[in-house]
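S.K.: For reference, this is run_21.cif, and it has mmCIF, C-alpha atoms and all ligand atoms.
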data_entry
#
loop_
_atom_site.label_atom_id
_atom_site.label_comp_id
_atom_site.auth_asym_id
_atom_site.auth_seq_id
_atom_site.Cartn_x
_atom_site.Cartn_y
_atom_site.Cartn_z
CA MET A 1 13.03 30.13 4.12
CA HIS A 2 11.30 31.33 0.96
CA ASN A 3 9.76 28.95 -1.54
CA THR A 4 12.21 29.63 -4.36
CA ASP A 5 15.24 29.40 -2.09
CA LEU A 6 14.09 26.05 -0.76
CA LEU A 7 13.44 24.73 -4.26
CA THR A 8 16.91 25.56 -5.53
CA ARG A 9 18.60 24.10 -2.49
CA SER A 10 16.45 20.95 -2.62
CA ARG A 11 17.23 20.37 -6.29
CA SER A 12 20.92 20.64 -5.57
CA ALA A 13 21.24 18.70 -2.29
CA VAL A 14 18.31 16.25 -2.30
CA TRP A 15 18.00 13.44 -4.81
CA HIS A 16 14.22 12.95 -4.97
CA PRO A 17 12.67 9.45 -5.19
CA CYS A 18 11.64 7.89 -8.50
CA THR A 19 12.28 11.21 -10.24
CA GLN A 20 14.10 12.34 -13.35
CA MET A 21 15.74 15.29 -11.58
CA LYS A 22 16.20 17.24 -14.81
CA ARG A 23 12.43 17.58 -15.02
CA HIS A 24 12.62 19.90 -12.06
CA GLU A 25 14.34 22.49 -14.24
CA LYS A 26 10.83 23.22 -15.51
CA LEU A 27 8.47 21.51 -13.09
CA PRO A 28 8.79 23.12 -9.67
CA LEU A 29 8.97 21.06 -6.49
CA VAL A 30 6.18 21.85 -4.07
CA PRO A 31 7.67 23.09 -0.79
CA ILE A 32 5.47 22.21 2.17
CA GLN A 33 5.73 24.10 5.43
CA ARG A 34 3.04 22.41 7.47
CA GLY A 35 0.07 20.08 7.38
CA ASP A 36 -3.28 20.07 9.12
CA GLY A 37 -5.98 17.44 8.53
CA VAL A 38 -6.34 16.77 4.81
CA TRP A 39 -4.49 20.00 3.97
CA LEU A 40 -0.86 20.71 3.14
CA TYR A 41 0.32 24.35 3.22
CA ASP A 42 3.26 25.92 1.43
CA PHE A 43 5.23 28.98 2.62
CA ASP A 44 3.10 31.45 0.70
CA GLY A 45 -0.16 30.38 2.28
CA HIS A 46 -1.32 28.17 -0.62
CA ARG A 47 -3.09 25.01 0.42
CA TYR A 48 -3.44 21.62 -1.24
CA LEU A 49 -5.96 18.92 -0.39
CA ASP A 50 -3.88 15.75 0.01
CA SER A 51 -6.16 13.42 -1.96
CA VAL A 52 -3.46 10.72 -2.22
CA SER A 53 -2.69 10.66 1.52
CA SER A 54 0.97 11.43 0.77
CA TRP A 55 1.68 8.22 -1.16
CA TRP A 56 -1.11 6.30 0.58
CA VAL A 57 0.26 6.50 4.11
CA ASN A 58 -1.88 9.04 5.93
CA LEU A 59 -5.10 7.92 7.62
CA PHE A 60 -6.20 10.48 10.18
CA GLY A 61 -4.86 13.70 8.77
CA HIS A 62 -1.60 15.58 9.02
CA SER A 63 -0.62 16.71 12.49
CA ASN A 64 -3.26 14.59 14.19
CA PRO A 65 -3.42 15.67 17.85
CA ARG A 66 -3.84 12.15 19.25
CA ILE A 67 -0.95 10.63 17.30
CA ASN A 68 1.20 13.70 18.09
CA ALA A 69 0.49 13.28 21.80
CA ALA A 70 1.40 9.57 21.76
CA ILE A 71 4.73 10.21 20.08
CA ILE A 72 5.55 13.11 22.41
CA ASP A 73 4.73 10.95 25.43
CA GLN A 74 6.97 8.16 24.14
CA LEU A 75 9.79 10.64 23.40
CA GLY A 76 9.98 11.42 27.11
CA LYS A 77 10.44 7.73 27.92
CA LEU A 78 12.42 5.85 25.29
CA GLU A 79 13.17 6.91 21.74
CA HIS A 80 14.77 3.63 20.67
CA VAL A 81 16.41 0.45 21.81
CA MET A 82 17.63 -2.45 19.70
CA LEU A 83 15.14 -5.32 19.49
CA ALA A 84 17.70 -8.15 19.41
CA GLY A 85 18.05 -9.31 23.00
CA PHE A 86 15.89 -6.42 24.28
CA THR A 87 12.20 -5.62 24.30
CA HIS A 88 9.89 -2.74 25.29
CA GLU A 89 6.26 -2.10 26.06
CA PRO A 90 5.12 -0.43 22.81
CA VAL A 91 6.32 -3.32 20.61
CA VAL A 92 4.73 -5.94 22.88
CA ARG A 93 1.43 -4.08 23.09
CA LEU A 94 1.34 -3.50 19.33
CA SER A 95 2.08 -7.16 18.55
CA GLU A 96 -0.67 -8.36 20.91
CA LYS A 97 -3.13 -5.82 19.51
CA LEU A 98 -2.41 -6.80 15.90
CA ARG A 99 -2.77 -10.49 16.77
CA GLU A 100 -6.19 -9.72 18.24
CA LEU A 101 -7.34 -7.75 15.16
CA ALA A 102 -5.80 -9.68 12.25
CA PRO A 103 -7.35 -12.68 10.48
CA ALA A 104 -7.18 -15.83 12.63
CA GLY A 105 -3.89 -17.58 13.22
CA LEU A 106 -1.47 -14.71 12.64
CA GLY A 107 0.05 -14.71 16.11
CA HIS A 108 3.68 -13.69 15.52
CA CYS A 109 4.90 -10.23 14.43
CA PHE A 110 8.30 -9.63 12.82
CA TYR A 111 9.18 -5.97 12.30
CA GLY A 112 10.89 -4.08 9.48
CA SER A 113 11.31 -0.43 8.64
CA ASP A 114 9.31 0.04 5.43
CA GLY A 115 7.13 -1.83 2.98
CA ALA A 116 9.91 -3.19 0.81
CA SER A 117 11.68 -4.65 3.84
CA ALA A 118 8.44 -6.42 4.83
CA THR A 119 8.34 -8.04 1.39
CA GLU A 120 11.98 -9.11 1.73
CA ILE A 121 11.26 -10.61 5.15
CA ALA A 122 8.23 -12.58 3.94
CA LEU A 123 10.07 -13.97 0.90
CA LYS A 124 13.09 -15.01 2.96
CA MET A 125 10.96 -16.46 5.75
CA SER A 126 8.88 -18.48 3.30
CA ALA A 127 11.85 -20.04 1.51
CA HIS A 128 13.66 -20.64 4.82
CA PHE A 129 10.55 -22.38 6.17
CA TRP A 130 10.62 -24.88 3.28
CA ARG A 131 14.36 -25.38 3.74
CA ASN A 132 13.82 -26.13 7.43
CA ASN A 133 11.16 -28.63 6.31
CA ASN A 134 13.49 -30.48 3.95
CA LEU A 135 12.05 -28.90 0.79
CA PRO A 136 15.04 -26.71 -0.18
CA ALA A 137 14.00 -26.61 -3.85
CA LYS A 138 11.11 -24.31 -3.03
CA THR A 139 12.88 -21.00 -3.62
CA GLN A 140 10.77 -19.33 -6.32
CA PHE A 141 7.86 -16.95 -5.98
CA ILE A 142 4.87 -16.07 -8.07
CA SER A 143 3.01 -12.79 -8.19
CA LEU A 144 0.18 -11.22 -10.17
CA GLN A 145 0.73 -9.36 -13.41
CA ASN A 146 1.19 -5.64 -12.76
CA GLY A 147 1.72 -6.35 -9.07
CA TYR A 148 3.84 -4.07 -6.89
CA HIS A 149 5.63 -5.13 -3.72
CA GLY A 150 8.43 -2.59 -3.33
CA GLU A 151 11.68 -1.69 -5.04
CA THR A 152 14.58 -3.36 -3.27
CA LEU A 153 16.04 -6.22 -5.32
CA GLY A 154 14.09 -9.08 -3.70
CA ALA A 155 10.85 -7.09 -3.76
CA LEU A 156 11.52 -6.07 -7.37
CA SER A 157 11.69 -9.74 -8.31
CA VAL A 158 7.97 -10.00 -7.51
CA THR A 159 7.09 -6.53 -8.83
CA ASP A 160 5.79 -6.34 -12.40
CA VAL A 161 6.39 -2.78 -13.57
CA ALA A 162 7.90 -2.53 -17.07
CA LEU A 163 9.94 0.58 -16.28
CA PHE A 164 11.72 -1.13 -13.37
CA LYS A 165 12.11 -4.46 -15.19
CA ASP A 166 13.84 -2.74 -18.09
CA ALA A 167 16.22 -0.82 -15.88
CA TYR A 168 17.05 -3.43 -13.23
CA GLY A 169 16.01 -6.78 -14.75
CA ALA A 170 19.62 -7.95 -14.97
CA LEU A 171 20.04 -7.63 -11.20
CA ILE A 172 17.05 -9.62 -10.01
CA SER A 173 16.12 -13.29 -9.84
CA LYS A 174 13.49 -14.39 -12.32
CA ASN A 175 10.09 -15.13 -10.84
CA ALA A 176 6.94 -15.91 -12.81
CA THR A 177 3.77 -13.85 -12.89
CA VAL A 178 0.23 -15.19 -13.30
CA PRO A 179 -2.72 -13.26 -14.81
CA SER A 180 -4.29 -10.57 -12.66
CA PRO A 181 -8.08 -10.66 -12.15
CA ASP A 182 -8.12 -6.86 -12.83
CA SER A 183 -11.81 -6.08 -13.40
CA ARG A 184 -10.91 -3.77 -16.32
CA ASP A 185 -9.88 -6.89 -18.27
CA ALA A 186 -13.27 -8.62 -18.09
CA GLU A 187 -14.56 -9.80 -21.48
CA PRO A 188 -17.90 -8.36 -22.60
CA GLY A 189 -20.59 -10.12 -20.58
CA GLU A 190 -18.07 -11.60 -18.15
CA SER A 191 -18.70 -10.76 -14.50
CA GLU A 192 -15.86 -9.81 -12.14
CA GLU A 193 -16.41 -13.09 -10.37
CA ASP A 194 -16.20 -15.09 -13.61
CA LEU A 195 -12.97 -13.29 -14.43
CA ALA A 196 -11.62 -14.16 -10.99
CA LEU A 197 -12.45 -17.82 -11.67
CA ARG A 198 -10.77 -17.72 -15.07
CA CYS A 199 -7.59 -16.28 -13.52
CA ALA A 200 -7.69 -18.76 -10.64
CA ALA A 201 -7.76 -21.59 -13.21
CA LYS A 202 -4.58 -20.17 -14.77
CA LEU A 203 -3.01 -20.00 -11.32
CA GLU A 204 -3.91 -23.66 -10.80
CA THR A 205 -2.25 -24.71 -14.06
CA HIS A 206 0.90 -22.85 -13.07
CA LEU A 207 0.98 -24.42 -9.60
CA GLN A 208 0.37 -27.90 -11.05
CA ASN A 209 3.43 -27.52 -13.26
CA TYR A 210 5.87 -25.76 -10.96
CA HIS A 211 4.80 -26.14 -7.32
CA THR A 212 7.83 -28.22 -6.37
CA HIS A 213 9.97 -25.11 -6.86
CA ILE A 214 7.54 -22.47 -5.59
CA ALA A 215 7.76 -21.17 -2.03
CA ALA A 216 4.97 -18.59 -2.10
CA LEU A 217 2.40 -16.62 -4.04
CA ILE A 218 2.37 -12.90 -3.15
CA VAL A 219 -0.70 -10.76 -3.87
CA GLU A 220 -2.11 -7.33 -3.10
CA PRO A 221 -5.58 -8.31 -1.83
CA LEU A 222 -8.57 -6.67 -3.64
CA VAL A 223 -6.72 -3.63 -5.04
CA GLN A 224 -3.43 -3.58 -6.96
CA GLY A 225 -2.39 -0.05 -6.15
CA ALA A 226 0.52 0.69 -8.45
CA ALA A 227 -1.21 -1.14 -11.31
CA GLY A 228 -3.54 1.88 -11.40
CA MET A 229 -5.88 0.90 -8.56
CA ALA A 230 -6.85 -2.33 -10.33
CA MET A 231 -9.74 -3.82 -8.35
CA TYR A 232 -10.85 -7.43 -8.33
CA HIS A 233 -13.40 -9.82 -6.91
CA PRO A 234 -12.62 -11.36 -3.47
CA SER A 235 -13.39 -14.86 -4.78
CA TYR A 236 -9.95 -14.83 -6.42
CA LEU A 237 -8.39 -14.75 -2.94
CA LYS A 238 -10.57 -17.62 -1.78
CA HIS A 239 -9.43 -19.76 -4.70
CA ALA A 240 -5.81 -18.68 -4.26
CA ARG A 241 -5.98 -19.72 -0.60
CA GLU A 242 -7.34 -23.19 -1.50
CA LEU A 243 -4.85 -23.71 -4.31
CA CYS A 244 -1.90 -22.65 -2.16
CA ASP A 245 -2.95 -25.18 0.49
CA GLN A 246 -3.40 -27.88 -2.12
CA TYR A 247 0.04 -27.34 -3.66
CA GLN A 248 2.04 -26.60 -0.49
CA VAL A 249 2.72 -22.97 -1.37
CA HIS A 250 2.51 -20.05 1.08
CA LEU A 251 0.09 -17.21 0.48
CA ILE A 252 1.58 -13.78 1.24
CA ALA A 253 -1.02 -11.01 1.54
CA ASP A 254 0.72 -7.69 0.91
CA GLU A 255 -1.68 -5.33 2.69
CA ILE A 256 0.90 -2.55 2.85
CA ALA A 257 -1.43 -0.25 0.90
CA VAL A 258 -4.84 -1.90 1.36
CA GLY A 259 -4.62 -2.75 5.07
CA MET A 260 -5.69 -0.50 7.93
CA GLY A 261 -9.24 0.02 6.72
CA ARG A 262 -8.51 1.21 3.18
CA THR A 263 -10.81 -1.29 1.46
CA GLY A 264 -13.66 -0.93 3.95
CA THR A 265 -12.62 -3.68 6.38
CA LEU A 266 -9.62 -3.37 8.68
CA PHE A 267 -7.81 -5.94 6.51
CA ALA A 268 -8.73 -6.64 2.88
CA CYS A 269 -8.42 -10.43 3.39
CA GLU A 270 -11.48 -10.29 5.66
CA GLN A 271 -13.66 -9.70 2.59
CA ALA A 272 -12.63 -13.12 1.25
CA SER A 273 -12.83 -14.71 4.71
CA ILE A 274 -9.28 -16.03 4.40
CA SER A 275 -6.15 -16.02 6.53
CA PRO A 276 -2.88 -15.77 4.63
CA ASP A 277 0.36 -17.40 5.83
CA PHE A 278 1.99 -13.97 5.90
CA LEU A 279 0.28 -10.60 6.26
CA LEU A 280 2.36 -7.50 5.44
CA LEU A 281 1.51 -4.10 6.87
CA SER A 282 3.24 -0.74 6.56
CA LYS A 283 2.17 2.66 5.11
CA GLY A 284 -0.97 3.41 7.19
CA ILE A 285 0.10 1.39 10.21
CA THR A 286 1.60 4.47 11.90
CA GLY A 287 -1.13 6.73 10.55
CA GLY A 288 1.44 7.97 8.04
CA TYR A 289 3.83 9.30 10.67
CA LEU A 290 6.89 7.09 10.89
CA PRO A 291 8.42 4.25 8.90
CA LEU A 292 7.42 0.86 10.30
CA SER A 293 6.43 -2.44 8.78
CA VAL A 294 5.30 -5.72 10.20
CA VAL A 295 5.14 -9.24 8.84
CA MET A 296 2.55 -11.28 10.70
CA THR A 297 2.70 -15.04 10.46
CA THR A 298 1.33 -18.25 11.91
CA ASP A 299 2.48 -20.43 14.76
CA HIS A 300 3.03 -23.24 12.26
CA ILE A 301 5.65 -21.14 10.47
CA PHE A 302 7.14 -19.79 13.70
CA GLN A 303 7.61 -23.33 15.06
CA ALA A 304 9.57 -24.41 11.98
CA PHE A 305 12.31 -21.96 13.06
CA TYR A 306 12.16 -22.76 16.78
CA ALA A 307 15.13 -25.00 17.49
CA ASP A 308 18.54 -25.25 19.14
CA GLU A 309 20.50 -24.49 15.96
CA VAL A 310 21.14 -20.84 15.11
CA THR A 311 20.89 -21.63 11.41
CA ARG A 312 17.30 -22.81 11.75
CA GLY A 313 16.37 -19.43 13.21
CA PHE A 314 15.27 -16.56 11.01
CA LEU A 315 18.40 -14.63 10.07
CA HIS A 316 17.30 -11.09 9.39
CA SER A 317 17.47 -7.72 11.11
CA HIS A 318 17.18 -3.97 10.61
CA SER A 319 18.72 -1.38 12.95
CA TYR A 320 15.39 0.28 13.66
CA THR A 321 13.36 -2.94 14.01
CA GLY A 322 10.32 -2.24 16.22
CA ASN A 323 11.19 1.39 16.93
CA PRO A 324 9.22 2.51 20.03
CA LEU A 325 8.14 5.88 18.60
CA ALA A 326 6.76 4.18 15.49
CA CYS A 327 5.04 1.52 17.61
CA ARG A 328 3.39 4.23 19.72
CA ALA A 329 2.18 6.01 16.57
CA ALA A 330 0.73 2.66 15.44
CA LEU A 331 -0.95 2.06 18.81
CA ALA A 332 -2.47 5.56 18.71
CA THR A 333 -3.70 4.85 15.17
CA LEU A 334 -5.35 1.58 16.26
CA ASP A 335 -6.82 3.40 19.23
CA ILE A 336 -8.55 5.85 16.88
CA PHE A 337 -10.05 2.90 14.98
CA ALA A 338 -11.30 1.47 18.28
CA THR A 339 -12.89 4.63 19.66
CA ASP A 340 -14.17 6.51 16.61
CA GLU A 341 -16.12 3.89 14.61
CA VAL A 342 -13.86 4.71 11.71
CA LEU A 343 -14.95 1.90 9.37
CA ASN A 344 -18.59 2.86 9.81
CA SER A 345 -18.03 6.56 9.25
CA ASN A 346 -15.87 5.74 6.20
CA ARG A 347 -18.81 3.80 4.73
CA ILE A 348 -20.99 6.89 5.07
CA LYS A 349 -18.28 9.10 3.55
CA ALA A 350 -17.76 6.68 0.66
CA ALA A 351 -21.49 6.60 -0.12
CA PHE A 352 -21.53 10.41 -0.01
CA LEU A 353 -18.56 10.70 -2.38
CA ASN A 354 -20.16 8.22 -4.77
CA ARG A 355 -23.36 10.32 -4.82
CA ILE A 356 -21.49 13.58 -5.37
CA ALA A 357 -19.31 11.99 -8.07
CA ALA A 358 -22.23 10.78 -10.20
CA PRO A 359 -21.42 13.36 -12.93
CA LEU A 360 -17.83 12.06 -13.08
CA ARG A 361 -19.10 8.50 -13.39
CA GLU A 362 -21.29 9.54 -16.34
CA HIS A 363 -18.72 11.80 -18.01
CA SER A 364 -18.27 10.77 -21.65
CA ARG A 365 -14.45 10.87 -21.33
CA ILE A 366 -14.29 8.89 -18.10
CA LYS A 367 -14.20 5.10 -18.09
CA ASN A 368 -14.25 2.38 -15.41
CA PHE A 369 -15.24 4.60 -12.50
CA ARG A 370 -14.68 2.26 -9.56
CA ASN A 371 -14.58 2.32 -5.78
CA CYS A 372 -13.44 0.03 -3.01
CA GLY A 373 -13.71 1.36 0.54
CA MET A 374 -11.77 4.65 0.62
CA ILE A 375 -10.18 4.20 -2.84
CA TRP A 376 -11.63 5.59 -6.06
CA ALA A 377 -10.22 5.44 -9.57
CA PHE A 378 -11.15 6.02 -13.21
CA GLU A 379 -9.46 6.28 -16.60
CA VAL A 380 -9.59 9.52 -18.59
CA GLU A 381 -9.71 9.60 -22.39
CA THR A 382 -7.55 12.56 -23.28
CA PRO A 383 -5.61 13.85 -26.27
CA HIS A 384 -2.62 14.67 -24.03
CA SER A 385 0.16 12.07 -23.94
CA ASP A 386 1.57 13.80 -20.85
CA PHE A 387 -1.80 13.74 -19.11
CA ALA A 388 -0.48 12.71 -15.68
CA GLN A 389 1.93 15.63 -15.42
CA ARG A 390 -0.56 18.16 -16.79
CA CYS A 391 -3.21 16.94 -14.40
CA PHE A 392 -0.81 17.14 -11.45
CA CYS A 393 0.15 20.76 -12.28
CA LEU A 394 -3.39 21.89 -13.00
CA ALA A 395 -4.56 20.25 -9.78
CA LEU A 396 -2.07 22.30 -7.76
CA GLU A 397 -3.60 25.45 -9.27
CA HIS A 398 -6.94 24.10 -8.07
CA GLU A 399 -5.65 23.49 -4.51
CA LEU A 400 -5.47 19.72 -4.96
CA LEU A 401 -2.71 17.17 -4.72
CA LEU A 402 -3.69 14.68 -7.45
CA ARG A 403 -1.09 12.31 -8.79
CA PRO A 404 -2.50 10.27 -11.68
CA MET A 405 -0.78 7.07 -12.82
CA GLY A 406 -0.81 7.36 -16.61
CA ASN A 407 -4.42 8.10 -17.54
CA THR A 408 -5.74 6.76 -14.27
CA VAL A 409 -6.91 9.39 -11.80
CA TYR A 410 -7.46 8.16 -8.26
CA PHE A 411 -8.53 9.43 -4.86
CA MET A 412 -7.16 7.87 -1.70
CA PRO A 413 -7.91 10.59 0.83
CA PRO A 414 -7.20 10.58 4.58
CA TYR A 415 -10.19 9.17 6.48
CA VAL A 416 -10.73 12.50 8.26
CA ILE A 417 -11.93 14.14 5.05
CA SER A 418 -15.21 16.02 5.67
CA GLU A 419 -18.28 16.21 3.42
CA ASN A 420 -17.34 19.78 2.44
CA GLU A 421 -13.85 18.64 1.55
CA ILE A 422 -15.26 15.73 -0.47
CA CYS A 423 -17.40 18.20 -2.45
CA PHE A 424 -14.33 20.38 -3.03
CA LEU A 425 -12.29 17.38 -4.19
CA VAL A 426 -14.91 16.20 -6.66
CA GLU A 427 -15.79 19.67 -8.01
CA GLN A 428 -12.17 20.67 -8.56
CA THR A 429 -11.40 17.33 -10.19
CA SER A 430 -14.32 17.78 -12.60
CA LYS A 431 -13.00 21.21 -13.61
CA ILE A 432 -9.52 19.80 -14.17
CA ILE A 433 -10.80 16.86 -16.25
CA ASN A 434 -12.88 19.21 -18.37
CA CYS A 435 -9.76 21.25 -19.13
CA LEU A 436 -7.81 18.16 -20.19
CA THR A 437 -10.32 16.27 -22.37
C1 LIG A 501 4.13 1.00 -1.13
C2 LIG A 501 4.03 -0.46 -1.27
C3 LIG A 501 5.12 -1.29 -1.00
C4 LIG A 501 6.49 -0.77 -0.63
O1 LIG A 501 6.50 -0.02 0.51
P1 LIG A 501 7.69 1.04 0.74
O2 LIG A 501 7.49 1.53 2.13
O3 LIG A 501 7.51 2.11 -0.28
O4 LIG A 501 8.97 0.29 0.56
C5 LIG A 501 4.92 -2.66 -1.11
N1 LIG A 501 3.73 -3.16 -1.46
C6 LIG A 501 2.67 -2.39 -1.72
C7 LIG A 501 1.37 -3.02 -2.06
C8 LIG A 501 2.78 -1.01 -1.66
O5 LIG A 501 1.75 -0.23 -1.99
#
Please express the file's structure as structure tokens.
Ligand SMILES: *Cc1c(COP(=O)(O)O)cnc(C)c1O
M.R.:
Amino acid sequence: MHNTDLLTRSRSAVWHPCTQMKRHEKLPLVPIQRGDGVWLYDFDGHRYLDSVSSWWVNLFGHSNPRINAAIIDQLGKLEHVMLAGFTHEPVVRLSEKLRELAPAGLGHCFYGSDGASATEIALKMSAHFWRNNNLPAKTQFISLQNGYHGETLGALSVTDVALFKDAYGALISKNATVPSPDSRDAEPGESEEDLALRCAAKLETHLQNYHTHIAALIVEPLVQGAAGMAMYHPSYLKHARELCDQYQVHLIADEIAVGMGRTGTLFACEQASISPDFLLLSKGITGGYLPLSVVMTTDHIFQAFYADEVTRGFLHSHSYTGNPLACRAALATLDIFATDEVLNSNRIKAAFLNRIAAPLREHSRIKNFRNCGMIWAFEVETPHSDFAQRCFCLALEHELLLRPMGNTVYFMPPYVISENEICFLVEQTSKIINCLT
């Protein structure tokens, strides 16, 4: 199939996600034939360095031989079986492995199919827990300003994105937001830690006033991805943990984007030395191969549902819950972490990128250059109001997949990126920025 043929057919038959389809009259879709490592290839032999890990999911490269082999092996045994009333080895092994690796106390794994379904599960489980504990008024949730937790209706109710609120606000229940400790909002002379304290104090005031109706606080630990890679000090999480305990509110750590080593530790919560009541994982959990999400929770919460009555049990299911192929991809992904000293080699790669990117950091049109683990971001001062789209198109011409959010350019590359590829990424980005400022 030729590029142009595929484009026309895709525009007509496929409704692409979060896209004004009319834009594709002018802006071509990028048809991808195959992937290898950090590279995506189209049908004409052009290549693109996938610096956003295909919407933050890929960890160990496209077409990774070890993950491929695990899935192929599983295909020969069992592609799927329902998880209600049945079980299988991959889901048991994955649950035990995650329990061993996750922050202390998170011993029970409930599975969903994607990130948004993990958010739905955590919200429902939290409120149902309070109901089972004779506190049925606790049905509301709080989240951070500019937070993102998915786009189904429950998840949207804790997602603070103006575009979505305007379009779908009438459909969703109203939940409050509290100030985000986004380091870009620090006052002159205020440290990131001071800002975290200031925001924690606002959280405390909110909890004091409303805790009798609040089931849970949901946060993206350390980095708010969709907010434009907003980074913040771990002490905020420490305070949030203490305040949630004090006011009988669950803490939900949405590590869908930041988990699986992205922030430099396997889980971002580790950097604040806290255990949440719910830990959400998806995106990277299968190495970016197959949809799978997991909600990990404590024995305390599990026991509140453990009873003779059906109605005290957790009433939620998805057809593909705990799919064996996805679980095997996840096990292969965790196996790579275990055998390849991934976190250590990422530290070396991150230091290398930071050295190479010094000219970007000092660029007069670049502000707030920041880094956390394998995430980098900065704002670009540009005369172009359509900067994001221009940057995306120009990047393709420079063999890069860059997908800025507004004026924020970010890198979130697969962990298999090499030093040569890092140099290429930074050099090409510099050229692109110079064209657009
Ligand atoms: C991507 C994301 C989600 C939603 O996951 P989907 O698989 O896209 O539904 C939720 N929370 C965070 C932090 C995310 O980055």
S.K.: Considering all atoms listed in the file, return as a VMD selection string whatever protein or nucleic-acid residues lie within 12 Å of A:His88, sequence-local ones (same chain, fewer than 2 positions apart) excluded.
M.R.: chain A and resid 74 77 to 86 90 to 95 321 to 325 327 to 328
S.K.: Please indicate the distance in Å from atom CA of A:Val52 to atom CA of A:Leu334, rounded to one decimal place.
M.R.: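 According to the coordinates, atom CA of A:Val52 and atom CA of A:Leu334 are separated by 20.7 Å.
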S.K.: First collect every listed atom of stretch 324-328 of chain A; then fit an axis-aligned box around them, widen it by 5 Å on each side, and give centre and edge lengths in Å to one decimal, as AutoDock Vina command-line options.
M.R.:
--center_x 6.3 --center_y 3.7 --center_z 17.8 --size_x 15.8 --size_y 14.4 --size_z 14.5
S.K.: Name the closest residue to A:Tyr247 among the candidates A:Arg390, A:His24, A:Arg262, A:His213; distances are taken between atoms, counting only C-alpha atoms.
M.R.: A:His213
S.K.: Of the candidates A:Met374, A:Ala70, A:Leu251, A:Val409, which one gets nearest to A:Gln389 if we count all atoms listed in the file?
M.R.: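 Nearest to A:Gln389: A:Val409.
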S.K.: Please find the residues contacting ligand LIG 501 (chain A) at a distance of at most 10 Å between atoms, with all atoms listed in the file counted, and report them as a ChimeraX atom specification.
M.R.: /A:55-57,112-120,147-152,155-156,159,218-221,223-227,253-259,280-283,291-293
S.K.: Kindly extract all protein, DNA and RNA residues lying within 12 Å of the coordinates (-4.5, 1.4, 19.3) given in the file, considering all atoms listed in the file, and supply them as a ChimeraX atom specification.
M.R.: /A:66-67,70,90-91,93-98,100-101,260,285-287,327-340
S.K.: Give the answer as one residue: which of A:Leu290, A:Val295, A:Met405, A:Cys423 has the shortest atom-to-atom distance to A:Ile71, using only C-alpha atoms?
M.R.: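 Nearest candidate to A:Ile71 out of A:Leu290, A:Val295, A:Met405, A:Cys423: A:Leu290.
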S.K.: Taking all atoms listed in the file into account, name the residue in A:Gly35, A:Pro65, A:Pro17, A:Gly169 that is nearest to A:Asp50.
M.R.: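 Going through A:Gly35, A:Pro65, A:Pro17, A:Gly169 one by one, the smallest distance to A:Asp50 is for A:Gly35.
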